[in-house]
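Listing of query38.txt; format and content: compact mmCIF, C-alpha atoms and all ligand atoms.
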```
# COMPACT_ATOMS: atom_id res chain seq x y z
CA MET M 5 29.46 112.66 -125.62
CA ASN M 6 29.13 108.90 -125.24
CA LYS M 7 31.50 106.53 -126.93
CA ILE M 8 29.45 104.47 -129.39
CA ALA M 9 30.22 100.99 -130.78
CA PHE M 10 28.45 99.68 -133.85
CA ILE M 11 28.43 95.88 -133.99
CA GLY M 12 27.92 95.15 -137.69
CA ALA M 13 28.91 97.65 -140.38
CA GLY M 14 26.24 96.97 -142.99
CA ASN M 15 23.61 99.19 -144.61
CA MET M 16 21.87 100.40 -141.47
CA ALA M 17 25.03 101.01 -139.42
CA ARG M 18 26.53 102.89 -142.36
CA ALA M 19 23.40 105.08 -142.72
CA ILE M 20 23.45 106.01 -139.01
CA ILE M 21 27.23 106.57 -138.90
CA ILE M 22 27.14 108.89 -141.94
CA GLY M 23 24.30 110.83 -140.33
CA LEU M 24 26.09 111.03 -136.96
CA VAL M 25 29.40 112.22 -138.42
CA ASN M 26 27.64 114.76 -140.66
CA SER M 27 25.77 116.04 -137.61
CA GLY M 28 29.13 116.92 -136.00
CA ILE M 29 29.72 113.97 -133.67
CA THR M 30 33.46 113.30 -133.25
CA PRO M 31 34.34 110.29 -135.47
CA GLN M 32 36.93 109.06 -132.94
CA ASP M 33 34.08 108.56 -130.43
CA ILE M 34 32.66 105.92 -132.78
CA ILE M 35 34.02 102.41 -133.38
CA VAL M 36 32.68 99.87 -135.88
CA ALA M 37 33.14 96.11 -135.59
CA ASN M 38 32.60 93.86 -138.56
CA PRO M 39 34.18 90.52 -139.51
CA SER M 40 34.78 91.43 -143.16
CA GLU M 41 37.45 94.05 -143.66
CA ALA M 42 36.07 95.99 -146.61
CA LYS M 43 32.98 97.49 -144.95
CA ARG M 44 34.65 98.61 -141.74
CA LEU M 45 37.73 99.94 -143.55
CA ASN M 46 35.52 101.92 -145.94
CA LEU M 47 33.78 103.59 -143.01
CA ALA M 48 37.08 104.28 -141.27
CA THR M 49 38.65 105.76 -144.41
CA GLU M 50 35.61 107.80 -145.46
CA PHE M 51 34.54 109.13 -142.08
CA GLY M 52 37.50 108.73 -139.71
CA VAL M 53 35.74 106.38 -137.30
CA LEU M 54 37.69 103.67 -135.46
CA GLN M 55 37.34 100.09 -136.67
CA THR M 56 38.02 96.55 -135.49
CA ASP M 57 37.12 92.95 -136.33
CA ASP M 58 36.65 92.30 -132.61
CA ASN M 59 33.15 92.83 -131.13
CA ILE M 60 34.58 92.57 -127.60
CA LYS M 61 37.18 95.29 -128.15
CA ALA M 62 34.50 97.57 -129.63
CA SER M 63 32.14 96.89 -126.72
CA GLU M 64 34.87 97.57 -124.13
CA PHE M 65 35.56 100.94 -125.77
CA ALA M 66 31.93 102.13 -125.71
CA ASP M 67 29.23 103.00 -123.22
CA VAL M 68 26.55 102.72 -125.91
CA ILE M 69 26.60 99.52 -128.00
CA VAL M 70 24.46 99.63 -131.13
CA LEU M 71 23.64 96.15 -132.38
CA CYS M 72 23.42 96.39 -136.19
CA VAL M 73 23.67 92.76 -137.25
CA LYS M 74 20.91 90.75 -138.92
CA PRO M 75 18.21 89.65 -136.44
CA HIS M 76 19.34 85.99 -136.37
CA PHE M 77 22.83 87.04 -135.16
CA ILE M 78 21.70 89.42 -132.40
CA THR M 79 21.47 86.95 -129.53
CA ASP M 80 24.78 85.25 -130.42
CA VAL M 81 26.53 88.62 -130.47
CA CYS M 82 24.98 89.61 -127.11
CA PHE M 83 26.00 86.31 -125.57
CA GLN M 84 29.55 86.70 -126.91
CA ILE M 85 29.87 90.22 -125.42
CA SER M 86 28.34 89.44 -122.02
CA GLN M 87 30.55 86.36 -121.60
CA ALA M 88 33.71 88.37 -122.26
CA ILE M 89 33.28 91.69 -120.46
CA ASP M 90 31.51 93.38 -117.58
CA ILE M 91 28.56 95.11 -119.24
CA THR M 92 27.42 97.00 -116.14
CA GLY M 93 26.52 100.59 -117.02
CA LYS M 94 26.53 99.98 -120.76
CA LEU M 95 23.44 100.71 -122.83
CA PHE M 96 22.51 98.26 -125.58
CA ILE M 97 20.61 99.62 -128.56
CA SER M 98 19.22 97.09 -131.03
CA VAL M 99 18.01 98.12 -134.47
CA ALA M 100 16.96 94.57 -135.35
CA ALA M 101 13.48 93.81 -136.56
CA GLY M 102 11.81 90.85 -134.89
CA THR M 103 14.16 90.44 -131.90
CA THR M 104 12.55 91.31 -128.58
CA VAL M 105 13.94 93.08 -125.51
CA GLU M 106 13.37 89.85 -123.59
CA GLN M 107 15.45 87.82 -126.08
CA ILE M 108 18.26 90.41 -125.99
CA GLN M 109 18.26 90.69 -122.19
CA SER M 110 18.23 86.93 -121.84
CA ALA M 111 21.31 86.62 -124.12
CA LEU M 112 23.05 89.33 -122.09
CA SER M 113 22.11 88.00 -118.66
CA LYS M 114 24.29 84.88 -118.19
CA GLY M 115 21.23 83.10 -116.82
CA GLU M 116 20.47 85.72 -114.15
CA THR M 117 16.93 87.02 -113.86
CA THR M 118 17.86 90.12 -111.85
CA ASN M 119 20.07 93.03 -112.92
CA LEU M 120 18.88 92.84 -116.50
CA ALA M 121 20.78 95.01 -118.99
CA PRO M 122 19.24 98.27 -120.17
CA VAL M 123 18.05 97.79 -123.75
CA VAL M 124 16.57 100.30 -126.17
CA ARG M 125 15.02 99.00 -129.35
CA VAL M 126 15.28 101.49 -132.18
CA MET M 127 13.61 101.06 -135.54
CA PRO M 128 15.38 103.51 -137.86
CA ASN M 129 15.40 103.74 -141.64
CA THR M 130 18.10 104.30 -144.25
CA PRO M 131 17.33 108.00 -145.01
CA SER M 132 19.20 108.49 -141.70
CA GLN M 133 22.32 108.81 -143.90
CA LEU M 134 20.94 112.17 -145.13
CA GLY M 135 19.79 113.33 -141.69
CA LEU M 136 16.25 112.49 -142.90
CA GLY M 137 15.73 109.35 -140.86
CA MET M 138 12.54 108.44 -139.00
CA SER M 139 12.97 106.25 -135.93
CA GLY M 140 10.75 104.78 -133.25
CA LEU M 141 12.31 103.98 -129.86
CA PHE M 142 11.24 101.70 -127.03
CA ALA M 143 13.14 101.48 -123.75
CA SER M 144 13.16 98.56 -121.32
CA LYS M 145 12.40 99.58 -117.75
CA GLU M 146 16.09 99.27 -116.78
CA VAL M 147 17.07 102.17 -119.06
CA THR M 148 17.93 105.33 -117.09
CA VAL M 149 16.80 108.84 -117.98
CA GLU M 150 20.39 109.65 -119.06
CA GLN M 151 20.55 106.54 -121.25
CA LYS M 152 17.22 107.44 -122.86
CA ALA M 153 18.68 110.84 -123.64
CA SER M 154 21.78 109.16 -125.19
CA ALA M 155 19.63 106.95 -127.42
CA GLU M 156 17.49 109.90 -128.48
CA LYS M 157 20.59 111.96 -129.20
CA ILE M 158 21.68 109.35 -131.75
CA THR M 159 18.31 109.11 -133.50
CA ASN M 160 17.75 112.88 -133.44
CA ALA M 161 21.21 113.42 -134.95
CA VAL M 162 20.11 111.44 -137.99
CA GLY M 163 16.49 112.57 -138.30
CA LYS M 164 13.29 112.60 -136.29
CA SER M 165 12.22 110.14 -133.62
CA ILE M 166 9.32 109.19 -131.41
CA TRP M 167 9.21 107.19 -128.17
CA LEU M 168 6.85 104.23 -127.99
CA ASP M 169 5.03 103.22 -124.82
CA THR M 170 4.79 99.53 -125.72
CA GLU M 171 7.27 97.27 -127.52
CA ASP M 172 4.72 95.89 -129.99
CA LYS M 173 4.53 99.34 -131.59
CA ILE M 174 8.08 98.76 -132.93
CA ASN M 175 6.45 96.47 -135.50
CA ASN M 176 4.06 99.26 -136.50
CA ILE M 177 7.07 101.55 -136.97
CA ILE M 178 8.62 98.90 -139.22
CA ALA M 179 5.48 98.96 -141.38
CA VAL M 180 5.18 102.76 -141.51
CA ALA M 181 8.84 103.87 -141.56
CA GLY M 182 11.56 101.18 -141.26
CA SER M 183 10.59 99.20 -144.36
CA ALA M 184 8.75 102.08 -146.02
CA PRO M 185 11.57 103.73 -148.02
CA ALA M 186 11.47 100.53 -150.12
CA TYR M 187 7.74 101.03 -150.84
CA TYR M 188 8.43 104.48 -152.27
CA PHE M 189 11.40 103.11 -154.23
CA LEU M 190 9.16 100.38 -155.68
CA PHE M 191 6.57 102.97 -156.72
CA MET M 192 9.28 105.13 -158.29
CA GLU M 193 10.77 102.11 -160.08
CA ALA M 194 7.35 101.32 -161.59
CA MET M 195 6.92 104.93 -162.74
CA GLU M 196 10.47 105.04 -164.11
CA GLN M 197 9.82 101.87 -166.08
CA GLN M 198 6.65 103.34 -167.57
CA ALA M 199 8.41 106.61 -168.41
CA LYS M 200 10.93 104.57 -170.42
CA GLN M 201 8.02 102.91 -172.23
CA TYR M 202 6.91 106.40 -173.31
CA GLY M 203 10.32 106.82 -174.97
CA PHE M 204 12.14 108.93 -172.38
CA SER M 205 15.80 108.04 -171.97
CA GLU M 206 17.05 106.31 -168.85
CA GLU M 207 18.45 109.59 -167.58
CA GLU M 208 15.28 111.56 -168.36
CA SER M 209 13.05 108.91 -166.78
CA ARG M 210 15.10 108.95 -163.59
CA MET M 211 15.04 112.75 -163.45
CA LEU M 212 11.28 112.97 -164.09
CA VAL M 213 10.46 110.49 -161.34
CA GLN M 214 13.07 111.67 -158.85
CA GLN M 215 12.28 115.36 -159.12
CA THR M 216 8.53 114.78 -158.92
CA ALA M 217 8.87 112.55 -155.83
CA LEU M 218 11.20 115.06 -154.19
CA GLY M 219 8.84 117.94 -154.99
CA ALA M 220 5.82 116.07 -153.65
CA ALA M 221 7.63 115.05 -150.43
CA GLN M 222 8.87 118.62 -149.90
CA MET M 223 5.33 119.96 -150.39
CA VAL M 224 4.09 117.60 -147.68
CA ALA M 225 6.97 118.62 -145.40
CA HIS M 226 6.42 122.36 -145.91
CA ASN M 227 2.61 122.38 -145.64
CA SER M 228 0.46 121.81 -142.60
CA ALA M 229 -2.52 121.07 -144.87
CA PRO M 230 -3.76 117.48 -144.91
CA ILE M 231 -2.03 115.41 -147.60
CA SER M 232 -5.46 114.76 -149.15
CA GLU M 233 -5.81 118.53 -149.71
CA LEU M 234 -2.48 118.66 -151.57
CA ARG M 235 -3.74 115.83 -153.73
CA ALA M 236 -7.06 117.62 -154.33
CA ASN M 237 -5.13 120.72 -155.50
CA VAL M 238 -3.61 118.68 -158.35
CA THR M 239 -6.84 116.94 -159.22
CA SER M 240 -8.98 119.02 -161.58
CA LYS M 241 -12.54 117.78 -161.80
CA GLY M 242 -12.85 115.48 -164.81
CA GLY M 243 -9.17 116.02 -165.59
CA THR M 244 -6.17 113.78 -166.12
CA THR M 245 -5.16 113.36 -162.46
CA HIS M 246 -8.75 112.46 -161.60
CA ALA M 247 -8.60 109.74 -164.25
CA ALA M 248 -5.34 108.36 -162.81
CA ILE M 249 -6.52 108.50 -159.18
CA GLU M 250 -9.82 106.79 -160.00
CA ARG M 251 -7.82 104.04 -161.74
CA PHE M 252 -5.60 103.62 -158.64
CA LYS M 253 -8.70 103.38 -156.44
CA ALA M 254 -10.52 100.97 -158.74
CA ASP M 255 -7.41 98.76 -158.74
CA GLY M 256 -7.44 98.75 -154.91
CA ILE M 257 -4.51 101.01 -153.93
CA GLU M 258 -5.72 101.40 -150.32
CA GLU M 259 -6.11 97.66 -149.88
CA ILE M 260 -2.73 97.01 -151.54
CA VAL M 261 -0.97 99.43 -149.16
CA LYS M 262 -2.78 98.10 -146.08
CA ASN M 263 -2.00 94.48 -146.97
CA ALA M 264 1.67 95.25 -147.63
CA MET M 265 2.10 97.09 -144.31
CA ASN M 266 0.33 94.28 -142.44
CA ALA M 267 2.60 91.75 -144.18
CA ALA M 268 5.65 93.58 -142.77
CA ILE M 269 4.15 93.40 -139.26
CA ALA M 270 3.24 89.73 -139.63
CA ARG M 271 6.81 88.93 -140.72
CA ALA M 272 8.27 90.83 -137.74
CA GLU M 273 5.97 88.88 -135.39
CA GLU M 274 6.98 85.61 -137.03
CA MET M 275 10.70 86.48 -136.72
CA ALA M 276 10.30 87.11 -132.97
CA LYS M 277 9.09 83.52 -132.34
N1 LIG G 1 18.42 98.06 -143.89
C1 LIG G 1 17.40 98.75 -143.37
O1 LIG G 1 16.74 99.57 -144.03
C2 LIG G 1 17.05 98.54 -141.91
C3 LIG G 1 17.63 97.54 -141.16
N2 LIG G 1 17.29 97.38 -139.85
C4 LIG G 1 17.93 96.33 -139.06
O2 LIG G 1 19.33 96.54 -139.11
C5 LIG G 1 20.01 95.30 -138.94
C6 LIG G 1 21.11 95.20 -139.97
O3 LIG G 1 20.52 95.25 -141.27
P1 LIG G 1 21.37 95.70 -142.52
O4 LIG G 1 22.33 96.75 -142.12
O5 LIG G 1 20.39 95.96 -143.60
O6 LIG G 1 22.16 94.33 -142.80
P2 LIG G 1 23.59 94.14 -143.48
O7 LIG G 1 23.68 92.71 -143.90
O8 LIG G 1 23.82 95.20 -144.50
O9 LIG G 1 24.62 94.40 -142.27
C7 LIG G 1 24.89 93.47 -141.27
C8 LIG G 1 26.40 93.48 -141.02
O10 LIG G 1 26.68 92.67 -139.89
C9 LIG G 1 27.92 92.01 -140.14
N3 LIG G 1 28.01 90.85 -139.23
C10 LIG G 1 27.53 89.60 -139.40
N4 LIG G 1 27.83 88.85 -138.31
C11 LIG G 1 28.48 89.65 -137.45
C12 LIG G 1 29.03 89.47 -136.15
N5 LIG G 1 28.95 88.28 -135.53
N6 LIG G 1 29.64 90.50 -135.55
C13 LIG G 1 29.72 91.72 -136.15
N7 LIG G 1 29.21 91.96 -137.39
C14 LIG G 1 28.61 90.94 -138.02
C15 LIG G 1 27.87 91.63 -141.60
O11 LIG G 1 29.17 91.40 -142.11
C16 LIG G 1 27.21 92.90 -142.19
O12 LIG G 1 28.18 93.83 -142.59
C17 LIG G 1 18.99 94.19 -139.06
O13 LIG G 1 18.80 93.63 -137.79
C18 LIG G 1 17.73 94.89 -139.57
O14 LIG G 1 16.55 94.33 -139.03
C19 LIG G 1 16.41 98.21 -139.22
C20 LIG G 1 15.82 99.23 -139.91
C21 LIG G 1 16.05 99.46 -141.32
O1 LIG G 2 13.70 94.30 -144.12
C1 LIG G 2 14.02 94.24 -142.92
O2 LIG G 2 13.80 93.21 -142.26
C2 LIG G 2 14.67 95.45 -142.27
C3 LIG G 2 13.85 95.98 -141.12
C4 LIG G 2 13.25 97.26 -141.60
C5 LIG G 2 13.91 97.49 -142.89
N1 LIG G 2 14.72 96.52 -143.21
```

Would it be possible to restate this file's structure as structure tokens?
Amino acid sequence: MNKIAFIGAGNMARAIIIGLVNSGITPQDIIVANPSEAKRLNLATEFGVLQTDDNIKASEFADVIVLCVKPHFITDVCFQISQAIDITGKLFISVAAGTTVEQIQSALSKGETTNLAPVVRVMPNTPSQLGLGMSGLFASKEVTVEQKASAEKITNAVGKSIWLDTEDKINNIIAVAGSAPAYYFLFMEAMEQQAKQYGFSEEESRMLVQQTALGAAQMVAHNSAPISELRANVTSKGGTTHAAIERFKADGIEEIVKNAMNAAIARAEEMAK
């Protein structure tokens, strides 16, 4: 197995690390680097991974370096690493939204235009912490077959993944999967709030919403039928569901979803400028 360094120990790194360790990957093959002590120490204590405050030390240790800092720090971190150590043979994986392969390679290149570093962009999501992640991957042309397999091994250990043939599709993955857990959370929050309005307790409201969402998602996962057919099975003609669905449609649910997903893409494009 590769030795893996996570640069940045925030929400996304934590989700992937939990998923990796739970999938059986040796914790001592993983190192996390983060400036603030609490996050990296928590991961080390809970999961037995190695930790440091030094990005260089972590990068020296690993052959796969997963960049898990906020997009505006990515190029600084790459520059810092490439200035300090020989990065030949190391694979860089970036999970950042809105930071391109070209920007990452340029920060890693020390001004050279040949021998560019192999970079895989991965767009994961936080359900990775349960092994239920969904990731899209795009590899720069410098990435070897073995390195592609290493990247895929990480994403497959924490869920499902698909390879993308062009980098712009990473932004589509953001809209459909990376940002999308938050859309479902928002929908559940709205339902939970309304359940409370009906007089259910906080605990009951949470259970009603959570169990129904889980049941619906499991039905989709365990059925090959189109999702629209599952919906039709709940929707008696002239019944209560029909009334609710017609209200959603009249209020523009399809347009709302499309506009929100396109807003995520537009923001990713803007961040890349
Ligand atoms: N949170 C999510 O659902 C997803 C996030 N991403 C991407 O993951 C990346 C990280 O996002 P989050 O984990 O949500 O952010 P976060 O803020 O939770 O984590 C970032 C971590 O980086 C650390 N950090 C800051 N500067 C550093 C440096 N110079 N060296 C090392 N560590 C440093 C911070 O202390 C923090 O712990 C972003 O680029 C984001 O686009 C991608 C998919 C989903
Ligand atoms: O909100 C963001 O920018 C990151 C990327 C996808 C999910 N979270």

Using only C-alpha atoms and all ligand atoms, find each protein or nucleic acid residue lying at most 10 Å from ligand LIG 2 (chain G); present the set as an mmCIF file with C-alpha atoms, in the frame of the given file.
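Writing done, so here's pocket_6.cif:
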```
data_model
loop_
_atom_site.group_PDB
_atom_site.id
_atom_site.type_symbol
_atom_site.label_atom_id
_atom_site.label_comp_id
_atom_site.auth_asym_id
_atom_site.auth_seq_id
_atom_site.Cartn_x
_atom_site.Cartn_y
_atom_site.Cartn_z
ATOM 1 C CA ASN M 15 23.610 99.190 -144.610
ATOM 2 C CA MET M 16 21.870 100.400 -141.470
ATOM 3 C CA LYS M 74 20.910 90.750 -138.920
ATOM 4 C CA PRO M 75 18.210 89.650 -136.440
ATOM 5 C CA VAL M 99 18.010 98.120 -134.470
ATOM 6 C CA ALA M 100 16.960 94.570 -135.350
ATOM 7 C CA ALA M 101 13.480 93.810 -136.560
ATOM 8 C CA GLY M 102 11.810 90.850 -134.890
ATOM 9 C CA MET M 127 13.610 101.060 -135.540
ATOM 10 C CA PRO M 128 15.380 103.510 -137.860
ATOM 11 C CA ASN M 129 15.400 103.740 -141.640
ATOM 12 C CA THR M 130 18.100 104.300 -144.250
ATOM 13 C CA ASN M 175 6.450 96.470 -135.500
ATOM 14 C CA ILE M 177 7.070 101.550 -136.970
ATOM 15 C CA ILE M 178 8.620 98.900 -139.220
ATOM 16 C CA ALA M 179 5.480 98.960 -141.380
ATOM 17 C CA VAL M 180 5.180 102.760 -141.510
ATOM 18 C CA ALA M 181 8.840 103.870 -141.560
ATOM 19 C CA GLY M 182 11.560 101.180 -141.260
ATOM 20 C CA SER M 183 10.590 99.200 -144.360
ATOM 21 C CA ALA M 184 8.750 102.080 -146.020
ATOM 22 C CA PRO M 185 11.570 103.730 -148.020
ATOM 23 C CA ALA M 186 11.470 100.530 -150.120
ATOM 24 C CA ALA M 268 5.650 93.580 -142.770
ATOM 25 C CA ARG M 271 6.810 88.930 -140.720
ATOM 26 C CA ALA M 272 8.270 90.830 -137.740
ATOM 27 C CA MET M 275 10.700 86.480 -136.720
#
```

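Atom N6 of ligand LIG 1 (chain G) is found 5.4 Å from CA of Gly12 in chain M.
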
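Checking M:Tyr187, M:Gly137, M:Glu171, M:Glu146 one by one against Gly23 in chain M, counting only C-alpha atoms, you find the shortest gap at M:Gly137.
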
Axis-aligned box over every listed atom of ligand LIG 1 (chain G), padded by 6 Å per side: centre and edges in Å to one decimal, as AutoDock Vina command-line options?
```
--center_x 22.8 --center_y 93.9 --center_z -140.0 --size_x 25.9 --size_y 23.3 --size_z 21.0
```

Using all atoms listed in the file, determine which residues lie at most 12 Å from Lys145 in chain M, disregarding the query and same-chain residues fewer than 5 positions distant; provide the list as a list in words.
Val105, Glu106, Gln109, Asn119, Leu120, Ala121, Pro122, Val123, Val124, Arg125, Gln151, Lys152, Asp169, Thr170 and Glu171 of chain M

Between CA of Ile21 in chain M and CA of Lys43 in chain M lies a distance of 12.3 Å

Can you pull out the residues contacting range 233-248 of chain M? Cut-off 12 Å, using all atoms listed in the file, and skip same-chain residues under 2 positions away; I want them as a PyMOL selection string.
chain M and resi 219-231+250-255+257

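The space between CA of Phe51 in chain M and CA of Ala153 in chain M spans 24.4 Å.
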
Skipping near chain neighbours, those fewer than 6 positions away, what residues fall within 7 Å of Ala62 in chain M using only C-alpha atoms, listed as a PyMOL selection string?
chain M and resi 9+35-37+56

Could you please fill out range 197-214 of chain M with N, CA and C atoms and send it back as a PDB file, keeping the file's coordinate frame?
```pdb
ATOM      1  N   GLN M 197       9.951 102.872-165.030  1.00  0.00           N
ATOM      2  CA  GLN M 197       9.820 101.870-166.080  1.00  0.00           C
ATOM      3  C   GLN M 197       8.805 102.327-167.136  1.00  0.00           C
ATOM      4  N   GLN M 198       7.689 102.883-166.644  1.00  0.00           N
ATOM      5  CA  GLN M 198       6.650 103.340-167.570  1.00  0.00           C
ATOM      6  C   GLN M 198       7.118 104.560-168.366  1.00  0.00           C
ATOM      7  N   ALA M 199       7.875 105.423-167.711  1.00  0.00           N
ATOM      8  CA  ALA M 199       8.410 106.610-168.410  1.00  0.00           C
ATOM      9  C   ALA M 199       9.294 106.160-169.579  1.00  0.00           C
ATOM     10  N   LYS M 200      10.069 105.100-169.337  1.00  0.00           N
ATOM     11  CA  LYS M 200      10.930 104.570-170.420  1.00  0.00           C
ATOM     12  C   LYS M 200      10.080 104.031-171.570  1.00  0.00           C
ATOM     13  N   GLN M 201       8.942 103.411-171.202  1.00  0.00           N
ATOM     14  CA  GLN M 201       8.020 102.910-172.230  1.00  0.00           C
ATOM     15  C   GLN M 201       7.511 104.037-173.121  1.00  0.00           C
ATOM     16  N   TYR M 202       7.388 105.239-172.538  1.00  0.00           N
ATOM     17  CA  TYR M 202       6.910 106.400-173.310  1.00  0.00           C
ATOM     18  C   TYR M 202       8.023 106.964-174.194  1.00  0.00           C
ATOM     19  N   GLY M 203       9.233 106.397-174.088  1.00  0.00           N
ATOM     20  CA  GLY M 203      10.320 106.820-174.970  1.00  0.00           C
ATOM     21  C   GLY M 203      11.326 107.766-174.320  1.00  0.00           C
ATOM     22  N   PHE M 204      11.124 108.099-173.039  1.00  0.00           N
ATOM     23  CA  PHE M 204      12.140 108.930-172.380  1.00  0.00           C
ATOM     24  C   PHE M 204      13.400 108.091-172.154  1.00  0.00           C
ATOM     25  N   SER M 205      14.536 108.754-172.195  1.00  0.00           N
ATOM     26  CA  SER M 205      15.800 108.040-171.970  1.00  0.00           C
ATOM     27  C   SER M 205      15.872 107.612-170.514  1.00  0.00           C
ATOM     28  N   GLU M 206      16.854 106.779-170.223  1.00  0.00           N
ATOM     29  CA  GLU M 206      17.050 106.310-168.850  1.00  0.00           C
ATOM     30  C   GLU M 206      17.263 107.521-167.922  1.00  0.00           C
ATOM     31  N   GLU M 207      18.112 108.404-168.384  1.00  0.00           N
ATOM     32  CA  GLU M 207      18.450 109.590-167.580  1.00  0.00           C
ATOM     33  C   GLU M 207      17.228 110.501-167.369  1.00  0.00           C
ATOM     34  N   GLU M 208      16.485 110.712-168.456  1.00  0.00           N
ATOM     35  CA  GLU M 208      15.280 111.560-168.360  1.00  0.00           C
ATOM     36  C   GLU M 208      14.232 110.922-167.447  1.00  0.00           C
ATOM     37  N   SER M 209      14.058 109.602-167.593  1.00  0.00           N
ATOM     38  CA  SER M 209      13.050 108.910-166.780  1.00  0.00           C
ATOM     39  C   SER M 209      13.381 109.042-165.306  1.00  0.00           C
ATOM     40  N   ARG M 210      14.651 108.834-164.984  1.00  0.00           N
ATOM     41  CA  ARG M 210      15.100 108.950-163.590  1.00  0.00           C
ATOM     42  C   ARG M 210      14.832 110.376-163.065  1.00  0.00           C
ATOM     43  N   MET M 211      15.208 111.365-163.896  1.00  0.00           N
ATOM     44  CA  MET M 211      15.040 112.750-163.450  1.00  0.00           C
ATOM     45  C   MET M 211      13.552 113.094-163.255  1.00  0.00           C
ATOM     46  N   LEU M 212      12.717 112.664-164.183  1.00  0.00           N
ATOM     47  CA  LEU M 212      11.280 112.970-164.090  1.00  0.00           C
ATOM     48  C   LEU M 212      10.685 112.404-162.800  1.00  0.00           C
ATOM     49  N   VAL M 213      11.038 111.161-162.514  1.00  0.00           N
ATOM     50  CA  VAL M 213      10.460 110.490-161.340  1.00  0.00           C
ATOM     51  C   VAL M 213      11.049 111.065-160.048  1.00  0.00           C
ATOM     52  N   GLN M 214      12.368 111.203-160.053  1.00  0.00           N
ATOM     53  CA  GLN M 214      13.070 111.670-158.850  1.00  0.00           C
ATOM     54  C   GLN M 214      12.638 113.081-158.452  1.00  0.00           C
TER      55      GLN M 214
END
```
